[in-house]
Amino acid sequence: MLIRGRRYFAVLGFLLLATPLVWGMVLPDSPDLIHKEGRRLAPPPAAPADFAGWSKLPGEVDAYLKDRFGLRHAMINLHKDLTHPVLLKVNTAALIGRDGRMFYEGNEMVRQSAGLVLRDQRVAEAVDMIASMRDALARRGIRFLVAIPPNSSTVYQDDLPIWAQARGRKTEYDLFLQDLAARGVKTVDLRPAMNTIRAEGDEAYLLYDAHWTARGALAGFNAVVEADGHPDWRIDPATALGPPEERKGGDVARILGVQDDVTEKVETLALPPPGKDEAFSQDVMPDHVITTGKPGPTVMVIGDSFTASYFPLMLSQHVGRAIWVHHHQCGFDWKLIDRFRPDEVWWAPTERFLVCDPGVRPLNFAG
């Protein structure tokens with residue numbers, strides 16, 4: 001028997017544990033709160049039919065209850081307020097890992113790489129849109145390929161604290177490639193190419209910046225052209241990369257306010273001039289087309305800052321025209337397809353922009 005004082009604590013503990021269960025049965029959270037997270041509600045557990053079904057049952061029950069226990073949304077908000085109180089002015093946009101590597105935390109990047117964010121509904125919506133784009137391009141005789149540059153936090157997992165490591169969890173990158181493959185969309189997984197660079201002792205990503213190095217971009221490009229049936233377009237790093245130069249700061253260092261305090265040695269891309277390079281938008285990162293004057297196809301890359309200054313220059317070594325268009329979180333203008341009539345389109349936003357902004361689709365796209 002518990003002594004009298006401990007009985008009260010036992011009763012209090014029971015009430016604390018029972019409250020979410022009872023609340024969930026009486027006043028459950030709206031399913032819309034789950035949908036706003038970009039996820040589907042976990043379905044009710046299926047009745048086991050065999051041993052495999054019984055082995056899956058605990059996980060299915062756990063997922064079902066996690067989405068339906070009472071006060072779930074309130075507890076999530078309370079945890080956020082307690083761990084990142086406004087008065088402490090914690091900088092939650094960046095994280096410093098082992099060896100001083102800096103990781104951007106915006107757009108859920110670190111949690112996405114760890115599999116702690118899995119917005120299956122929004123991934124499915126992005127896959128539906130991309131499959132529709134593939135079909136519309138195929139009707140025009142245009143080839144299509146998807147190649148997503150991974151987050152630095154996906155490639156440098158062991159530089160992160162344990163809570164930010166995937167450790168076997170499925171990630172949005174995994175789910176995205178899996179769903180695209182099921183729809184027959186051609187994809188290239190760029191993670192192995194980045195891991196190969198690491199295995200060889202080189203840097204695939206900058207230390208103080210969210211972007212990949214010139215060597216990382218080159219490895220990504222070579223993986224794409226190999227999978228796309230253009231092995232002759234590969235570019236040799238031995239001739240394309242210049243000697244290391246000192247680089248001050250980076251975009252993550254700027255967020256942390258140490259832009260002028262950190263430097264690293266980085267290789268630069270040393271490819272010959274591409275031809276005539278013309279911008280055709282007024283954005284900070286303008287859409288642009290390189291016309292080489294050489295015979296060859298027109299390739300359009302729809303991406304972001306990972307590819308803007310790299311892929312068109314690399315393509316220009318082999319094609320007639322290389323076009324780069326900002327994806328605008330899936331809101332790029334589809335009329336550019338009809339304007340430039342490319343032979344190939346590469347869909348290449350980076351991993352943290354893998355899902356579209358809510359409700360966003362390409363402008364003037366009827367597919």
# chains A, B, ... in the order shown; residues from 1 in each chain; ligands from 1

$ select_by_dssp --residues "stretch 282-319 of chain A" --states "strand (DSSP E or B)" --output "PyMOL selection string"
chain A and resi 288-291+298-303

$ closest_atom_pairs --of "stretch 308-360 of chain A" --to "stretch 111-133 of chain A" --cutoff "9 Å" --atoms "only C-alpha atoms" --output "Markdown table"
| residue | atom | partner | partner_atom | distance |
| --- | --- | --- | --- | --- |
| A:Cys330 | CA | A:Ala126 | CA | 8.5 |
| A:Trp347 | CA | A:Ile130 | CA | 8.5 |
| A:Glu351 | CA | A:Ser113 | CA | 8.6 |
| A:Arg352 | CA | A:Gln112 | CA | 7.4 |
| A:Leu354 | CA | A:Val123 | CA | 7.7 |
| A:Val355 | CA | A:Val123 | CA | 5.6 |
| A:Cys356 | CA | A:Ala126 | CA | 6.1 |
| A:Asp357 | CA | A:Arg122 | CA | 8.8 |
| A:Pro358 | CA | A:Arg122 | CA | 7.9 |

$ write_last_selection --atoms "C-alpha atoms" --output "compact mmCIF listing (two decimals), in the first residue's frame"
# COMPACT_ATOMS: atom_id res chain seq x y z
CA CYS A 330 5.39 25.39 -57.98
CA TRP A 347 12.26 19.64 -62.38
CA GLU A 351 14.55 19.07 -50.99
CA ARG A 352 13.22 21.69 -48.59
CA LEU A 354 9.97 19.50 -52.45
CA VAL A 355 6.30 20.18 -51.59
CA CYS A 356 4.42 23.09 -53.15
CA ASP A 357 3.13 26.05 -51.19
CA PRO A 358 -0.50 25.37 -50.21

$ closest_residue --among "A:Pro150, A:Pro48, A:Pro161, A:Gly220" --to "A:Asp99" --atoms "only C-alpha atoms"
A:Pro161

$ residues_around --residues "A:Glu267" --least-positions-apart "5" --cutoff "9 Å" --atoms "only C-alpha atoms" --output "list in words"
Thr213, Ala214, Arg215, Leu241, Gly242, Pro243, Pro244, Glu245 and Glu246 of chain A

$ write_last_selection --atoms "C-alpha atoms" --output "PDB file, in the first residue's frame"
ATOM      1  CA  THR A 213      29.795  23.255 -53.287  1.00  0.00           C
ATOM      2  CA  ALA A 214      30.798  23.476 -56.945  1.00  0.00           C
ATOM      3  CA  ARG A 215      32.021  19.883 -56.626  1.00  0.00           C
ATOM      4  CA  LEU A 241      37.150  22.905 -60.945  1.00  0.00           C
ATOM      5  CA  GLY A 242      39.688  25.594 -60.186  1.00  0.00           C
ATOM      6  CA  PRO A 243      42.025  25.733 -57.175  1.00  0.00           C
ATOM      7  CA  PRO A 244      40.512  26.362 -53.724  1.00  0.00           C
ATOM      8  CA  GLU A 245      39.890  29.979 -52.802  1.00  0.00           C
ATOM      9  CA  GLU A 246      38.991  31.551 -49.475  1.00  0.00           C
TER      10      GLU A 246
END

$ select_by_dssp --residues "stretch 236-292 of chain A" --states "helix (DSSP H, G or I)" --output "short mmCIF file (atom, residue, chain, number, x, y, z; two decimals) with all heavy atoms, in the first residue's frame"
data_model
loop_
_atom_site.label_atom_id
_atom_site.label_comp_id
_atom_site.auth_asym_id
_atom_site.auth_seq_id
_atom_site.Cartn_x
_atom_site.Cartn_y
_atom_site.Cartn_z
N PRO A 237 35.50 16.70 -63.10
CA PRO A 237 35.89 17.67 -62.06
C PRO A 237 37.35 18.08 -62.14
O PRO A 237 37.70 19.21 -61.78
CB PRO A 237 35.62 16.90 -60.75
CG PRO A 237 34.64 15.84 -61.11
CD PRO A 237 34.95 15.47 -62.53
N ALA A 238 38.19 17.20 -62.65
CA ALA A 238 39.63 17.51 -62.72
C ALA A 238 39.91 18.72 -63.61
O ALA A 238 40.86 19.46 -63.39
CB ALA A 238 40.40 16.30 -63.22
N THR A 239 39.08 18.91 -64.63
CA THR A 239 39.29 20.03 -65.56
C THR A 239 38.30 21.17 -65.31
O THR A 239 38.56 22.31 -65.73
CB THR A 239 39.14 19.55 -67.02
OG1 THR A 239 37.83 18.97 -67.20
CG2 THR A 239 40.19 18.51 -67.35
N ALA A 240 37.18 20.89 -64.64
CA ALA A 240 36.13 21.90 -64.48
C ALA A 240 36.26 22.71 -63.19
O ALA A 240 35.65 23.78 -63.07
CB ALA A 240 34.76 21.24 -64.53
N ASP A 251 25.18 32.05 -46.22
CA ASP A 251 23.84 32.51 -45.87
C ASP A 251 23.43 32.12 -44.45
O ASP A 251 22.75 32.88 -43.76
CB ASP A 251 22.80 32.03 -46.90
CG ASP A 251 22.81 30.53 -47.14
OD1 ASP A 251 23.46 29.80 -46.37
OD2 ASP A 251 22.15 30.08 -48.10
N VAL A 252 23.86 30.93 -43.98
CA VAL A 252 23.51 30.55 -42.60
C VAL A 252 24.34 31.35 -41.60
O VAL A 252 23.84 31.76 -40.55
CB VAL A 252 23.71 29.03 -42.39
CG1 VAL A 252 23.19 28.62 -41.01
CG2 VAL A 252 23.00 28.22 -43.48
N ALA A 253 25.60 31.61 -41.93
CA ALA A 253 26.44 32.45 -41.06
C ALA A 253 25.83 33.84 -40.93
O ALA A 253 25.87 34.46 -39.85
CB ALA A 253 27.85 32.53 -41.63
N ARG A 254 25.26 34.34 -42.02
CA ARG A 254 24.62 35.66 -41.99
C ARG A 254 23.40 35.66 -41.06
O ARG A 254 23.16 36.61 -40.31
CB ARG A 254 24.22 36.06 -43.41
CG ARG A 254 23.68 37.47 -43.53
CD ARG A 254 23.68 37.94 -44.98
NE ARG A 254 23.01 37.02 -45.87
CZ ARG A 254 23.61 36.25 -46.76
NH1 ARG A 254 24.93 36.28 -46.88
NH2 ARG A 254 22.93 35.45 -47.55
N ILE A 255 22.64 34.58 -41.08
CA ILE A 255 21.49 34.46 -40.19
C ILE A 255 21.93 34.50 -38.73
O ILE A 255 21.28 35.11 -37.87
CB ILE A 255 20.73 33.15 -40.48
CG1 ILE A 255 20.02 33.24 -41.84
CG2 ILE A 255 19.71 32.83 -39.39
CD1 ILE A 255 19.45 31.92 -42.32
N LEU A 256 23.06 33.86 -38.44
CA LEU A 256 23.57 33.81 -37.07
C LEU A 256 24.35 35.05 -36.69
O LEU A 256 24.79 35.18 -35.54
CB LEU A 256 24.46 32.58 -36.89
CG LEU A 256 23.73 31.22 -36.91
CD1 LEU A 256 24.75 30.09 -36.93
CD2 LEU A 256 22.81 31.09 -35.70
#

$ closest_residue --among "A:Met109, A:Leu218, A:Ala136, A:Leu336" --to "A:Leu269" --atoms "only C-alpha atoms"
A:Leu218

$ residues_around --residues "A:His326" --least-positions-apart "6" --cutoff "8 Å" --atoms "only C-alpha atoms" --output "PDB file with N, CA and C atoms, in the first residue's frame"
ATOM      1  N   MET A 285      16.602  36.643 -58.423  1.00  0.00           N
ATOM      2  CA  MET A 285      17.264  35.526 -59.080  1.00  0.00           C
ATOM      3  C   MET A 285      16.574  35.350 -60.432  1.00  0.00           C
ATOM      4  N   PRO A 286      16.996  36.092 -61.454  1.00  0.00           N
ATOM      5  CA  PRO A 286      16.224  36.152 -62.700  1.00  0.00           C
ATOM      6  C   PRO A 286      16.257  34.861 -63.512  1.00  0.00           C
ATOM      7  N   ASP A 287      15.138  34.576 -64.157  1.00  0.00           N
ATOM      8  CA  ASP A 287      15.112  33.515 -65.160  1.00  0.00           C
ATOM      9  C   ASP A 287      16.058  33.925 -66.289  1.00  0.00           C
ATOM     10  N   ILE A 302      13.937  23.828 -64.195  1.00  0.00           N
ATOM     11  CA  ILE A 302      13.042  24.570 -63.306  1.00  0.00           C
ATOM     12  C   ILE A 302      13.495  24.260 -61.887  1.00  0.00           C
ATOM     13  N   GLY A 303      14.106  25.252 -61.235  1.00  0.00           N
ATOM     14  CA  GLY A 303      14.708  24.974 -59.942  1.00  0.00           C
ATOM     15  C   GLY A 303      14.817  26.210 -59.069  1.00  0.00           C
ATOM     16  N   ASP A 304      15.889  26.273 -58.279  1.00  0.00           N
ATOM     17  CA  ASP A 304      16.085  27.385 -57.348  1.00  0.00           C
ATOM     18  C   ASP A 304      17.577  27.722 -57.296  1.00  0.00           C
ATOM     19  N   PHE A 332       5.623  28.660 -61.097  1.00  0.00           N
ATOM     20  CA  PHE A 332       6.251  29.227 -62.293  1.00  0.00           C
ATOM     21  C   PHE A 332       5.214  29.347 -63.415  1.00  0.00           C
TER      22      PHE A 332
END

$ residues_around --residues "A:Arg247" --least-positions-apart "4" --cutoff "9 Å" --atoms "only C-alpha atoms" --output "list in words"
Val262, Thr263, Glu264, Lys265 and Val266 of chain A

$ atom_distance --atom1 "atom CA of A:Ile235" --atom2 "atom CA of A:Phe340"
25.4 Å

$ atom_distance --atom1 "atom CA of A:Asp135" --atom2 "atom CA of A:Val185"
9.4 Å

$ closest_residue --among "A:Gln157, A:Asn364, A:Ser152, A:Ser305" --to "A:Lys335" --atoms "only C-alpha atoms"
A:Asn364

$ closest_residue --among "A:Pro274, A:Gly229, A:Pro297, A:Gln282" --to "A:Ser316" --atoms "only C-alpha atoms"
A:Pro274

$ atom_distance --atom1 "atom CA of A:Met194" --atom2 "atom CA of A:Val155"
6.7 Å
